[in-house]
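A.B. asks: Please find coords_10.cif (mmCIF, C-alpha atoms and all ligand atoms) on the next line:
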data_work
loop_
_atom_site.label_atom_id
_atom_site.label_comp_id
_atom_site.auth_asym_id
_atom_site.auth_seq_id
_atom_site.Cartn_x
_atom_site.Cartn_y
_atom_site.Cartn_z
CA MET K 1 -13.07 15.09 -22.53
CA VAL K 2 -12.24 15.95 -18.91
CA ASN K 3 -10.08 18.87 -17.78
CA VAL K 4 -8.63 18.29 -14.30
CA ILE K 5 -7.63 21.62 -12.75
CA GLY K 6 -4.90 21.44 -10.10
CA LEU K 7 -2.30 18.67 -10.40
CA GLY K 8 -1.31 18.24 -6.75
CA TYR K 9 -1.74 15.30 -4.37
CA ILE K 10 -5.34 14.69 -5.47
CA GLY K 11 -5.67 16.12 -8.96
CA LEU K 12 -2.68 14.32 -10.42
CA PRO K 13 -3.61 10.75 -9.37
CA THR K 14 -7.24 11.42 -10.35
CA ALA K 15 -6.27 12.66 -13.82
CA LEU K 16 -3.90 9.70 -14.29
CA MET K 17 -6.43 7.15 -13.09
CA MET K 18 -9.15 8.42 -15.43
CA ALA K 19 -6.74 8.51 -18.35
CA ALA K 20 -5.48 5.00 -17.58
CA HIS K 21 -9.11 3.84 -17.78
CA GLY K 22 -9.69 5.26 -21.22
CA VAL K 23 -11.12 8.71 -20.43
CA GLU K 24 -9.66 11.52 -22.53
CA VAL K 25 -7.99 13.77 -19.92
CA VAL K 26 -6.06 17.03 -19.95
CA GLY K 27 -4.49 18.17 -16.68
CA THR K 28 -4.10 21.90 -16.08
CA ASP K 29 -2.00 23.63 -13.44
CA TYR K 30 -0.89 27.26 -13.23
CA ASP K 31 2.55 26.16 -11.95
CA GLU K 32 4.70 26.09 -15.09
CA GLY K 33 7.52 24.20 -13.34
CA LEU K 34 5.17 21.44 -12.25
CA VAL K 35 3.69 21.10 -15.73
CA ALA K 36 7.21 21.02 -17.22
CA THR K 37 8.24 18.24 -14.81
CA LEU K 38 5.19 16.16 -15.74
CA ASN K 39 5.77 16.78 -19.44
CA ALA K 40 9.37 15.66 -18.95
CA GLY K 41 7.96 12.31 -17.75
CA ARG K 42 8.45 12.67 -14.00
CA THR K 43 5.91 12.66 -11.16
CA THR K 44 6.08 15.38 -8.53
CA PHE K 45 5.72 13.44 -5.27
CA LYS K 46 6.32 9.94 -3.92
CA GLU K 47 3.37 7.60 -3.66
CA ASP K 48 3.07 3.83 -3.98
CA GLY K 49 2.13 2.87 -7.54
CA LEU K 50 2.05 6.47 -8.82
CA ASP K 51 4.95 6.12 -11.26
CA ASP K 52 3.42 3.02 -12.90
CA LEU K 53 0.06 4.74 -13.13
CA PHE K 54 1.75 7.78 -14.66
CA ALA K 55 3.47 5.64 -17.30
CA GLU K 56 0.17 3.96 -18.22
CA ALA K 57 -1.72 7.27 -18.40
CA VAL K 58 0.95 8.76 -20.64
CA THR K 59 0.66 5.77 -22.97
CA LYS K 60 -3.10 6.37 -23.07
CA GLY K 61 -2.54 10.02 -24.06
CA VAL K 62 -2.96 12.14 -20.91
CA ARG K 63 -1.69 15.70 -21.47
CA PHE K 64 -0.51 18.44 -19.10
CA THR K 65 -0.71 22.16 -19.72
CA THR K 66 -1.09 25.54 -18.02
CA GLU K 67 -4.11 26.38 -20.22
CA TYR K 68 -7.76 25.67 -19.43
CA GLN K 69 -9.39 23.51 -22.11
CA LYS K 70 -12.77 23.38 -23.84
CA CYS K 71 -14.30 20.23 -22.33
CA ASP K 72 -17.64 18.78 -21.31
CA THR K 73 -16.47 18.16 -17.71
CA TYR K 74 -14.11 20.04 -15.39
CA ILE K 75 -12.76 18.66 -12.12
CA VAL K 76 -11.36 21.32 -9.82
CA SER K 77 -8.92 19.97 -7.22
CA VAL K 78 -6.99 23.01 -6.07
CA PRO K 79 -5.91 23.67 -2.46
CA THR K 80 -8.32 25.15 0.08
CA PRO K 81 -6.16 26.77 2.75
CA TYR K 82 -7.77 27.81 6.00
CA ASP K 83 -7.19 30.96 7.99
CA LYS K 84 -5.55 29.96 11.26
CA VAL K 85 -7.09 32.89 13.11
CA SER K 86 -10.69 32.87 11.89
CA LYS K 87 -10.60 29.05 11.40
CA LYS K 88 -12.50 29.56 8.15
CA ILE K 89 -11.77 28.22 4.73
CA ASP K 90 -10.14 30.47 2.16
CA PRO K 91 -11.91 29.65 -1.12
CA ALA K 92 -9.74 31.97 -3.25
CA PHE K 93 -8.07 29.19 -5.30
CA VAL K 94 -11.38 27.42 -5.91
CA VAL K 95 -13.08 30.65 -6.95
CA SER K 96 -10.27 31.66 -9.27
CA ALA K 97 -10.13 28.19 -10.90
CA CYS K 98 -13.92 28.17 -11.37
CA ARG K 99 -13.82 31.66 -12.92
CA SER K 100 -11.21 30.49 -15.43
CA VAL K 101 -13.32 27.40 -16.21
CA LEU K 102 -16.38 29.57 -16.88
CA ASP K 103 -14.34 31.66 -19.30
CA VAL K 104 -13.74 28.68 -21.59
CA ALA K 105 -16.44 26.09 -20.81
CA PRO K 106 -18.77 25.23 -23.69
CA VAL K 107 -22.55 25.41 -23.18
CA GLY K 108 -23.86 22.58 -20.95
CA ALA K 109 -20.52 21.75 -19.31
CA VAL K 110 -20.35 20.27 -15.80
CA LEU K 111 -18.11 21.88 -13.19
CA VAL K 112 -17.17 19.40 -10.46
CA ILE K 113 -15.46 20.72 -7.32
CA GLU K 114 -13.29 17.98 -5.85
CA SER K 115 -11.35 20.16 -3.36
CA THR K 116 -12.48 19.80 0.24
CA VAL K 117 -14.70 22.76 1.09
CA SER K 118 -16.73 23.72 4.16
CA PRO K 119 -20.51 23.28 4.03
CA ASN K 120 -22.14 26.02 1.90
CA THR K 121 -18.93 27.02 0.09
CA VAL K 122 -20.37 26.14 -3.32
CA ASP K 123 -23.54 28.14 -2.59
CA ARG K 124 -21.68 31.12 -1.16
CA PHE K 125 -18.70 31.38 -3.46
CA VAL K 126 -19.15 29.32 -6.64
CA ARG K 127 -22.85 29.60 -7.49
CA PRO K 128 -22.75 33.42 -7.57
CA LEU K 129 -20.09 33.16 -10.30
CA LEU K 130 -22.66 31.56 -12.61
CA ASP K 131 -24.94 34.59 -12.16
CA GLU K 132 -22.08 37.01 -12.48
CA THR K 133 -20.91 35.51 -15.76
CA GLY K 134 -24.38 34.66 -17.08
CA ARG K 135 -23.40 30.98 -17.26
CA GLN K 136 -26.50 29.27 -15.79
CA ASP K 137 -26.06 26.67 -18.53
CA VAL K 138 -23.11 25.22 -16.58
CA SER K 139 -24.07 22.60 -13.95
CA LEU K 140 -22.35 22.36 -10.58
CA ALA K 141 -21.36 19.23 -8.67
CA HIS K 142 -19.19 18.36 -5.69
CA ALA K 143 -17.24 15.09 -5.55
CA PRO K 144 -14.94 15.26 -2.51
CA GLU K 145 -11.89 13.05 -2.55
CA ARG K 146 -11.37 10.37 0.10
CA ILE K 147 -7.96 8.86 -0.68
CA ILE K 148 -5.34 8.50 2.02
CA PRO K 149 -1.74 9.54 1.36
CA GLY K 150 0.41 6.40 1.49
CA ASN K 151 -2.27 4.27 -0.21
CA MET K 152 -3.74 6.69 -2.74
CA VAL K 153 -3.65 4.61 -5.88
CA PHE K 154 -5.34 1.61 -4.25
CA GLU K 155 -7.95 3.78 -2.51
CA LEU K 156 -8.71 5.72 -5.68
CA LEU K 157 -9.70 2.44 -7.27
CA HIS K 158 -11.54 0.88 -4.35
CA ASN K 159 -13.06 3.53 -2.04
CA ASN K 160 -16.74 4.40 -2.12
CA ARG K 161 -17.35 7.98 -3.26
CA THR K 162 -19.91 10.77 -2.88
CA VAL K 163 -21.24 13.00 -5.63
CA GLY K 164 -23.41 16.00 -4.82
CA ALA K 165 -25.30 17.79 -7.58
CA ASP K 166 -28.31 20.12 -7.95
CA ASP K 167 -29.81 17.95 -10.63
CA PRO K 168 -29.90 14.16 -10.02
CA ALA K 169 -29.33 13.56 -13.75
CA ILE K 170 -26.07 15.53 -13.52
CA GLY K 171 -25.21 13.61 -10.33
CA LYS K 172 -25.70 10.38 -12.27
CA ARG K 173 -23.53 11.63 -15.15
CA VAL K 174 -20.69 12.56 -12.77
CA ALA K 175 -21.09 9.26 -10.88
CA GLU K 176 -20.74 7.40 -14.19
CA LEU K 177 -17.55 9.30 -14.95
CA TYR K 178 -16.01 8.28 -11.61
CA SER K 179 -17.26 4.73 -12.11
CA SER K 180 -15.04 4.54 -15.19
CA PHE K 181 -12.29 3.60 -12.72
CA CYS K 182 -13.82 3.51 -9.22
CA GLN K 183 -14.89 0.04 -8.14
CA GLY K 184 -16.61 1.34 -4.98
CA GLU K 185 -20.20 2.50 -4.60
CA VAL K 186 -20.89 6.10 -5.66
CA SER K 187 -23.62 7.79 -3.54
CA VAL K 188 -25.43 10.62 -5.28
CA THR K 189 -26.85 13.43 -3.14
CA ASP K 190 -27.14 17.22 -3.11
CA ILE K 191 -24.13 19.54 -2.94
CA ARG K 192 -24.45 20.72 0.67
CA THR K 193 -24.79 17.16 1.94
CA ALA K 194 -21.69 16.14 0.00
CA GLU K 195 -19.75 19.09 1.43
CA MET K 196 -20.85 18.27 4.96
CA THR K 197 -20.19 14.54 4.61
CA LYS K 198 -16.57 15.10 3.63
CA VAL K 199 -15.87 17.39 6.56
CA VAL K 200 -17.70 15.04 8.93
CA GLU K 201 -15.54 12.07 7.86
CA ASN K 202 -12.33 13.87 8.78
CA THR K 203 -13.90 15.26 11.94
CA PHE K 204 -14.87 11.76 13.02
CA ARG K 205 -11.25 10.67 12.67
CA ALA K 206 -9.93 13.75 14.51
CA VAL K 207 -12.32 13.17 17.42
CA ASN K 208 -11.48 9.47 17.61
CA ILE K 209 -7.73 10.19 17.64
CA ALA K 210 -8.27 12.90 20.28
CA PHE K 211 -10.09 10.35 22.43
CA SER K 212 -7.16 7.94 22.20
CA ASN K 213 -4.71 10.76 22.97
CA GLU K 214 -6.77 11.64 26.03
CA LEU K 215 -6.74 7.97 27.05
CA ALA K 216 -2.94 7.91 26.72
CA ARG K 217 -2.68 10.82 29.12
CA ILE K 218 -5.18 9.28 31.55
CA CYS K 219 -3.26 6.00 31.46
CA ARG K 220 0.05 7.78 32.14
CA VAL K 221 -1.40 9.44 35.23
CA GLY K 222 -3.12 6.21 36.31
CA GLY K 223 -0.08 4.02 35.62
CA MET K 224 -1.71 1.88 32.92
CA ASP K 225 -0.53 0.73 29.49
CA VAL K 226 -2.70 2.56 26.93
CA ALA K 227 -1.69 0.29 24.05
CA GLU K 228 -2.92 -2.74 25.97
CA VAL K 229 -6.15 -0.95 26.95
CA VAL K 230 -6.89 0.08 23.33
CA ARG K 231 -5.92 -3.34 21.95
CA ILE K 232 -8.27 -5.18 24.27
CA ALA K 233 -11.12 -2.62 24.10
CA ASN K 234 -11.00 -2.91 20.29
CA LYS K 235 -11.83 -6.62 20.56
CA HIS K 236 -15.36 -5.47 21.44
CA PRO K 237 -17.42 -5.76 18.24
CA ARG K 238 -18.58 -2.13 18.39
CA VAL K 239 -15.41 -0.41 19.65
CA ASN K 240 -12.69 0.85 17.31
CA ILE K 241 -10.36 3.31 19.04
CA LEU K 242 -7.55 4.73 16.90
CA GLN K 243 -3.93 4.99 17.98
CA PRO K 244 -2.63 7.71 20.30
CA GLY K 245 0.41 9.57 19.05
CA PRO K 246 2.46 12.75 19.09
CA GLY K 247 -0.30 14.83 17.48
CA VAL K 248 -2.17 15.06 14.24
CA GLY K 249 -0.78 16.48 11.02
CA GLY K 250 -1.44 16.59 7.31
CA HIS K 251 -3.63 18.97 5.42
CA CYS K 252 -6.92 17.33 6.37
CA ILE K 253 -7.50 15.93 9.85
CA PRO K 254 -6.16 18.95 11.81
CA VAL K 255 -7.73 21.42 9.34
CA ASP K 256 -11.16 20.33 8.07
CA PRO K 257 -12.86 20.02 11.49
CA TRP K 258 -12.11 23.72 12.06
CA PHE K 259 -14.52 24.47 9.20
CA LEU K 260 -17.29 23.17 11.47
CA VAL K 261 -15.99 25.02 14.51
CA GLY K 262 -15.54 28.21 12.48
CA ASP K 263 -19.05 28.08 11.03
CA PHE K 264 -20.84 26.70 14.11
CA PRO K 265 -18.78 27.95 17.07
CA GLU K 266 -21.58 27.55 19.64
CA THR K 267 -22.50 23.99 18.68
CA ALA K 268 -19.28 22.30 17.55
CA ARG K 269 -17.91 22.10 21.09
CA LEU K 270 -16.77 18.48 21.16
CA THR K 271 -15.00 19.03 17.84
CA ARG K 272 -13.18 22.08 19.20
CA MET K 273 -12.01 20.17 22.29
CA ALA K 274 -10.80 17.29 20.15
CA LEU K 275 -8.77 19.65 17.97
CA GLU K 276 -7.29 21.29 21.04
CA THR K 277 -6.42 17.92 22.57
CA ASN K 278 -4.64 16.81 19.39
CA ALA K 279 -2.84 20.15 19.10
CA SER K 280 -1.54 19.81 22.66
CA MET K 281 0.19 16.50 21.96
CA PRO K 282 3.50 17.71 20.43
CA GLU K 283 4.21 19.79 23.52
CA TYR K 284 3.15 16.90 25.74
CA VAL K 285 5.73 14.70 24.00
CA LEU K 286 8.38 17.36 24.51
CA ARG K 287 7.62 17.46 28.23
CA ARG K 288 7.78 13.68 28.31
CA ALA K 289 11.25 13.86 26.71
CA PHE K 290 12.37 16.40 29.32
CA ASP K 291 11.15 14.03 32.07
CA VAL K 292 13.15 11.21 30.49
CA MET K 293 16.24 13.46 30.34
CA GLN K 294 15.86 14.15 34.04
CA GLU K 295 15.41 10.46 34.87
CA LYS K 296 18.54 9.61 32.87
CA GLY K 297 20.56 12.52 34.30
CA ILE K 298 21.01 14.11 30.86
CA GLU K 299 21.26 17.88 31.15
CA ASP K 300 22.18 19.12 27.70
CA VAL K 301 19.14 19.42 25.46
CA SER K 302 21.39 19.35 22.40
CA HIS K 303 21.86 15.64 23.17
CA VAL K 304 18.22 15.08 22.22
CA GLY K 305 17.31 14.45 18.58
CA VAL K 306 14.06 14.14 16.68
CA TYR K 307 13.57 11.39 14.11
CA GLY K 308 10.83 12.17 11.58
CA LEU K 309 9.56 15.41 10.07
CA THR K 310 6.65 14.17 7.99
CA TYR K 311 3.10 14.16 9.32
CA LYS K 312 2.97 10.36 9.27
CA GLU K 313 4.98 7.34 8.19
CA ASP K 314 6.21 6.68 4.67
CA VAL K 315 5.03 9.91 3.04
CA ASP K 316 7.10 12.94 2.00
CA ASP K 317 4.55 15.51 3.19
CA VAL K 318 5.43 17.76 6.17
CA ARG K 319 2.28 19.90 6.20
CA GLU K 320 1.09 20.61 9.78
CA SER K 321 3.37 17.83 11.00
CA PRO K 322 3.54 17.17 14.77
CA THR K 323 7.34 17.59 14.58
CA LEU K 324 6.98 21.07 13.12
CA GLN K 325 4.38 21.85 15.79
CA MET K 326 6.77 20.60 18.47
CA LEU K 327 9.69 22.65 17.17
CA GLU K 328 7.45 25.74 16.97
CA SER K 329 6.46 25.26 20.57
CA MET K 330 10.11 24.94 21.58
CA GLU K 331 10.90 28.04 19.56
CA ARG K 332 8.22 29.95 21.50
CA HIS K 333 9.48 28.83 24.90
CA LEU K 334 13.24 28.90 24.30
CA CYS K 335 13.51 31.41 21.41
CA GLY K 336 15.07 28.68 19.28
CA SER K 337 15.35 24.93 19.11
CA PRO K 338 18.66 23.16 19.59
CA LEU K 339 17.10 19.80 18.66
CA ARG K 340 18.77 17.95 15.81
CA VAL K 341 16.30 16.58 13.26
CA TYR K 342 16.50 13.81 10.68
CA ASP K 343 13.98 12.35 8.25
CA PRO K 344 15.11 10.00 5.46
CA TRP K 345 12.00 10.95 3.45
CA ILE K 346 12.87 14.67 3.37
CA GLU K 347 15.91 15.60 1.31
CA ARG K 348 15.37 19.36 1.28
CA ASP K 349 16.15 21.55 4.30
CA VAL K 350 12.94 22.29 6.16
CA VAL K 351 14.15 23.23 9.66
CA PRO K 352 17.41 24.42 11.23
CA ASN K 353 19.66 21.69 12.65
CA GLN K 354 18.38 19.20 10.08
CA VAL K 355 20.87 16.54 9.03
CA HIS K 356 20.69 14.14 6.13
CA SER K 357 22.08 10.83 7.32
CA MET K 358 21.46 8.56 10.28
CA GLU K 359 25.18 8.67 11.08
CA ASP K 360 25.26 12.47 11.38
CA PHE K 361 22.02 12.35 13.30
CA LEU K 362 23.12 9.92 16.00
CA ASP K 363 26.56 11.47 16.51
CA GLY K 364 26.66 12.73 20.13
CA LEU K 365 22.96 12.09 20.84
CA ASP K 366 21.70 10.39 24.01
CA ILE K 367 17.95 10.50 23.40
CA VAL K 368 15.91 10.18 20.21
CA ILE K 369 12.25 11.18 20.04
CA VAL K 370 10.79 8.93 17.37
CA MET K 371 8.04 11.18 16.01
CA VAL K 372 7.37 9.09 12.89
CA GLY K 373 7.46 5.33 12.45
CA HIS K 374 8.85 5.18 8.89
CA SER K 375 9.29 1.57 7.79
CA GLU K 376 13.11 2.05 7.87
CA VAL K 377 12.96 2.02 11.69
CA ARG K 378 9.56 0.65 12.63
CA GLY K 379 10.05 -2.28 15.04
CA ARG K 380 13.86 -1.85 14.77
CA PRO K 381 15.15 -0.05 17.88
CA GLU K 382 18.64 -1.22 16.87
CA ALA K 383 18.49 1.35 14.04
CA PHE K 384 19.21 3.95 16.76
CA HIS K 385 22.28 2.13 18.12
CA GLY K 386 21.37 1.96 21.81
CA ARG K 387 20.07 5.53 22.26
CA VAL K 388 17.28 6.10 24.78
CA LEU K 389 14.06 6.26 22.75
CA VAL K 390 10.98 8.37 23.42
CA ASP K 391 8.35 6.54 21.40
CA PRO K 392 4.98 8.36 21.29
CA ARG K 393 3.68 6.22 18.43
CA ASP K 394 4.58 2.94 20.11
CA VAL K 395 6.54 1.66 17.12
CA MET K 396 9.80 0.65 18.82
CA GLY K 397 8.61 -2.38 20.79
CA ASP K 398 9.24 -2.84 24.51
CA GLY K 399 12.60 -2.33 26.18
CA GLU K 400 14.30 -0.82 29.17
CA ASN K 401 15.29 2.24 27.16
CA VAL K 402 11.99 2.76 25.32
CA TYR K 403 9.64 5.37 26.80
CA LYS K 404 6.10 5.47 25.40
CA LEU K 405 3.57 8.32 25.63
N1 LIG R 1 -3.01 9.52 13.36
C1 LIG R 1 -2.93 9.19 14.70
N2 LIG R 1 -3.52 8.03 15.12
C2 LIG R 1 -4.19 7.21 14.26
C3 LIG R 1 -4.28 7.56 12.91
C4 LIG R 1 -3.68 8.73 12.47
O1 LIG R 1 -2.34 9.90 15.51
O2 LIG R 1 -4.67 6.17 14.71
C5 LIG R 1 -2.37 10.76 12.88
C6 LIG R 1 -1.36 10.52 11.76
O3 LIG R 1 -0.12 10.16 12.27
C7 LIG R 1 -1.35 11.87 11.06
C8 LIG R 1 -2.80 12.33 11.21
O4 LIG R 1 -3.36 11.56 12.25
O5 LIG R 1 -0.51 12.79 11.73
C9 LIG R 1 -3.63 12.19 9.95
O6 LIG R 1 -3.29 11.00 9.27
P1 LIG R 1 -4.36 9.98 8.69
O7 LIG R 1 -3.61 8.83 8.15
O8 LIG R 1 -5.41 9.70 9.69
O9 LIG R 1 -5.12 10.83 7.56
P2 LIG R 1 -4.66 11.68 6.28
O10 LIG R 1 -4.65 13.12 6.68
O11 LIG R 1 -3.44 11.15 5.67
O12 LIG R 1 -5.92 11.41 5.31
C10 LIG R 1 -7.23 11.71 5.76
C11 LIG R 1 -8.16 10.54 5.45
N3 LIG R 1 -9.45 10.73 6.09
C12 LIG R 1 -10.05 9.75 6.82
O13 LIG R 1 -9.55 8.67 7.00
C13 LIG R 1 -11.40 10.05 7.37
C14 LIG R 1 -8.33 10.39 3.93
O14 LIG R 1 -9.27 9.37 3.63
C15 LIG R 1 -8.80 11.72 3.33
O15 LIG R 1 -8.93 11.63 1.92
C16 LIG R 1 -7.76 12.78 3.67
O16 LIG R 1 -7.68 12.89 5.10
C17 LIG R 1 -8.20 14.09 3.04
O17 LIG R 1 -7.56 14.51 2.05
O18 LIG R 1 -9.21 14.65 3.46
#
Please lay out the structure from this file as structure tokens.
C.D. replies:
Amino acid sequence: MVNVIGLGYIGLPTALMMAAHGVEVVGTDYDEGLVATLNAGRTTFKEDGLDDLFAEAVTKGVRFTTEYQKCDTYIVSVPTPYDKVSKKIDPAFVVSACRSVLDVAPVGAVLVIESTVSPNTVDRFVRPLLDETGRQDVSLAHAPERIIPGNMVFELLHNNRTVGADDPAIGKRVAELYSSFCQGEVSVTDIRTAEMTKVVENTFRAVNIAFSNELARICRVGGMDVAEVVRIANKHPRVNILQPGPGVGGHCIPVDPWFLVGDFPETARLTRMALETNASMPEYVLRRAFDVMQEKGIEDVSHVGVYGLTYKEDVDDVRESPTLQMLESMERHLCGSPLRVYDPWIERDVVPNQVHSMEDFLDGLDIVIVMVGHSEVRGRPEAFHGRVLVDPRDVMGDGENVYKL
């Protein structure tokens, strides 16, 4: 039996997928409300295919509780926040979950950390718990997740995975567990390599996006079309530049690379510059919008609206989103933001001046900054009824009134 600890964006689909493939699974979360929602038969976030997977897992007997269970395998997938000042990971949730596991785990159990952690976190914060509690009989492993929000269910089934363990036999046992549903290849290695590999994957993406953002800015100064440059350069068999945009959000790409910079400040210089480049993009877009206002003779900033609050298209997650970063920057400069904001994926109020229908949004607006290309508007400039569009993600097509990065 497997006890999945932490039923958020990663833990929940993982628990459901294992259960749907015949593994006996109990999901544990300390949030009573969340557990009650799941036990009432509802999922807690929107994701393609998640509701069907949930229904199948429930039929196969998955259970949800706030209690830790006696099991042979534990999968810990709790959040790992990072400290914005020190740029280091805060392992408190992982440590506390592992402590609770060690309280109940039977002799010979395997404790798998699935949460993203910086290199050496298991050695520094989890391994000492085994000594402290006298539980050297418990084996440690690290199996970082790789699934992308927006396509989680598919990627859970098909992506290759990494399992790090002290003992290759334990690595093999954990790999076999994941292979109960994962059709990809499972690489078995040691724990530190697995930790490093995960952070490196997200750092690679952050650096690649930063490069394309830098290109966008170079092309603006040089009077070139960055989309055309990237499109043609990517026809080279060994070039694959990602898309420039209004910045980088989510809980992974703008966060994980800081673990490297925090731990290796003297050596991770390219990584630091990439993070800074990406972080400068929301304000760059704002300045671009001000330039467009000037060109169009629009003086009142309250005639500018922002479409999209989520960190990317077709998800309901606003963590570290470029829009929030942009509004924060406006707040700093103007002691408040008069910009009206609308996102059809976000029903709750997240920021001031947020409205909840396209009609209310467009009323009295001259310019819309399209921060997110949700499929409702992607390729459909007519959705904004003739407003001037600032289009940092290049999702509105070409037109006299469309201004790209
Ligand atoms: N973005 C761009 N240009 C691009 C691609 C993305 O500006 O060409 C922006 C997005 O709009 C978004 C941010 O980057 O704001 C991050 O989005 P994403 O789709 O690149 O990644 P995430 O954060 O949703 O998921 C990533 C994935 N990591 C990699 O692809 C290496 C996923 O596989 C990981 O599981 C996830 O991080 C994680 O949890 O670590």
A.B. asks: Have a look at K:Gly33, K:Pro352, K:Pro246, K:Gly262 and name the one nearest to ligand LIG 1 (chain R); count all atoms listed in the file.
C.D. replies: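 Closest to ligand LIG 1 (chain R), using all atoms listed in the file: K:Pro246.
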A.B. asks: Residues within 7 Å of ligand LIG 1 (chain R) should be enumerated using all atoms listed in the file and returned as a ChimeraX atom specification.
C.D. replies: /K:116,145-149,201-202,204-205,209,242-253,311-312,321-322
A.B. asks: Can you work out the spacing between atom CA of Lys404 of chain K and atom CA of Val390 of chain K in Å, to one decimal?
C.D. replies: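 About the pair atom CA of Lys404 of chain K and atom CA of Val390 of chain K: they are 6.0 Å apart.
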A.B. asks: Closest to Arg135 of chain K among K:Val104, K:Ile113, K:Ala274, K:Ala289, using all atoms listed in the file?
C.D. replies: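 Using all atoms listed in the file, the shortest distance to Arg135 of chain K belongs to K:Val104.
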A.B. asks: Near Trp258 of chain K, counting only C-alpha atoms, which residues have an atom at most 9 Å away, once you skip same-chain residues fewer than 2 positions from it, shown as a PyMOL selection string?
C.D. replies: chain K and resi 82+87-89+203+254-256+260-263+271-272+275
A.B. asks: Atoms to include: C-alpha atoms. Write the selected residues as an mmCIF file, keeping the file's coordinate frame.
C.D. replies:
data_model
loop_
_atom_site.group_PDB
_atom_site.id
_atom_site.type_symbol
_atom_site.label_atom_id
_atom_site.label_comp_id
_atom_site.auth_asym_id
_atom_site.auth_seq_id
_atom_site.Cartn_x
_atom_site.Cartn_y
_atom_site.Cartn_z
ATOM 1 C CA TYR K 82 -7.770 27.810 6.000
ATOM 2 C CA LYS K 87 -10.600 29.050 11.400
ATOM 3 C CA LYS K 88 -12.500 29.560 8.150
ATOM 4 C CA ILE K 89 -11.770 28.220 4.730
ATOM 5 C CA THR K 203 -13.900 15.260 11.940
ATOM 6 C CA PRO K 254 -6.160 18.950 11.810
ATOM 7 C CA VAL K 255 -7.730 21.420 9.340
ATOM 8 C CA ASP K 256 -11.160 20.330 8.070
ATOM 9 C CA LEU K 260 -17.290 23.170 11.470
ATOM 10 C CA VAL K 261 -15.990 25.020 14.510
ATOM 11 C CA GLY K 262 -15.540 28.210 12.480
ATOM 12 C CA ASP K 263 -19.050 28.080 11.030
ATOM 13 C CA THR K 271 -15.000 19.030 17.840
ATOM 14 C CA ARG K 272 -13.180 22.080 19.200
ATOM 15 C CA LEU K 275 -8.770 19.650 17.970
#
A.B. asks: From the list K:Gly399, K:Pro237, K:Gly364, K:Gly171, which residue is nearest Leu111 of chain K when using all atoms listed in the file?
C.D. replies: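 For Leu111 of chain K, the nearest of the given residues is K:Gly171.
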A.B. asks: Hey, which of K:Val200, K:Val4, K:Val94, K:Leu177 ends up closest to Arg127 of chain K? Count all atoms listed in the file.
C.D. replies: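 Ranked by minimum distance to Arg127 of chain K, first place goes to K:Val94.
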A.B. asks: When you draw a straight line from atom CA of Asn151 of chain K to atom CA of Arg393 of chain K, how long is it in Å?
C.D. replies: 19.7 Å
A.B. asks: In Å, with one decimal, what is the gap from atom CA of Leu53 of chain K to atom CA of Glu347 of chain K?
C.D. replies: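 Computing it gives 24.0 Å between the two atoms.
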A.B. asks: Can you pull out the residues contacting segment 339-341 of chain K? Cut-off 8 Å, using all atoms listed in the file, and skip same-chain residues under 6 positions away; I want them as a list in words.
C.D. replies: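 Non-adjacent residues within range: Val301, Ser302, His303, Val304, Gly305, Val306, Tyr307, Gly308, Leu309, Val351, Asn353, Gln354, Val355 and Phe361 of chain K.
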A.B. asks: Output C-alpha atoms of each residue in that selection to a file, as a PDB file, keeping the file's coordinate frame.
C.D. replies:
ATOM      1  CA  VAL K 301      19.140  19.420  25.460  1.00  0.00           C
ATOM      2  CA  SER K 302      21.390  19.350  22.400  1.00  0.00           C
ATOM      3  CA  HIS K 303      21.860  15.640  23.170  1.00  0.00           C
ATOM      4  CA  VAL K 304      18.220  15.080  22.220  1.00  0.00           C
ATOM      5  CA  GLY K 305      17.310  14.450  18.580  1.00  0.00           C
ATOM      6  CA  VAL K 306      14.060  14.140  16.680  1.00  0.00           C
ATOM      7  CA  TYR K 307      13.570  11.390  14.110  1.00  0.00           C
ATOM      8  CA  GLY K 308      10.830  12.170  11.580  1.00  0.00           C
ATOM      9  CA  LEU K 309       9.560  15.410  10.070  1.00  0.00           C
ATOM     10  CA  VAL K 351      14.150  23.230   9.660  1.00  0.00           C
ATOM     11  CA  ASN K 353      19.660  21.690  12.650  1.00  0.00           C
ATOM     12  CA  GLN K 354      18.380  19.200  10.080  1.00  0.00           C
ATOM     13  CA  VAL K 355      20.870  16.540   9.030  1.00  0.00           C
ATOM     14  CA  PHE K 361      22.020  12.350  13.300  1.00  0.00           C
TER      15      PHE K 361
END
A.B. asks: Given the choices K:Leu16, K:Ala268, K:Tyr68, K:Val126, which gets closest to Val207 of chain K if the distance is worked out from all atoms listed in the file?
C.D. replies: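 With all atoms listed in the file as the atom set, the closest residue is K:Ala268.
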A.B. asks: Would you mind listing what lies within 12 Å of Thr189 of chain K as a list in words, with all atoms listed in the file counted and same-chain residues fewer than 3 positions away left out?
C.D. replies: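 Counting only the stated atoms, we get Ala141, His142, Ala143, Arg161, Thr162, Val163, Gly164, Ala165, Asp166, Asp167, Pro168, Ala169, Ile170, Gly171, Lys172, Val174, Ala175, Val186, Arg192, Thr193, Ala194, Glu195, Met196 and Thr197 of chain K.
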A.B. asks: Rank nothing, just name the residue among K:Val101, K:Ala55, K:Ala109, K:Val153 nearest to Glu67 of chain K, using all atoms listed in the file.
C.D. replies: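 Nearest to Glu67 of chain K: K:Val101.
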A.B. asks: Extract, using only C-alpha atoms, all DNA, RNA and protein residues at most 8 Å from Ala92 of chain K, discarding same-chain residues fewer than 3 positions from it, and format them as a PyMOL selection string.
C.D. replies: chain K and resi 80+95-96
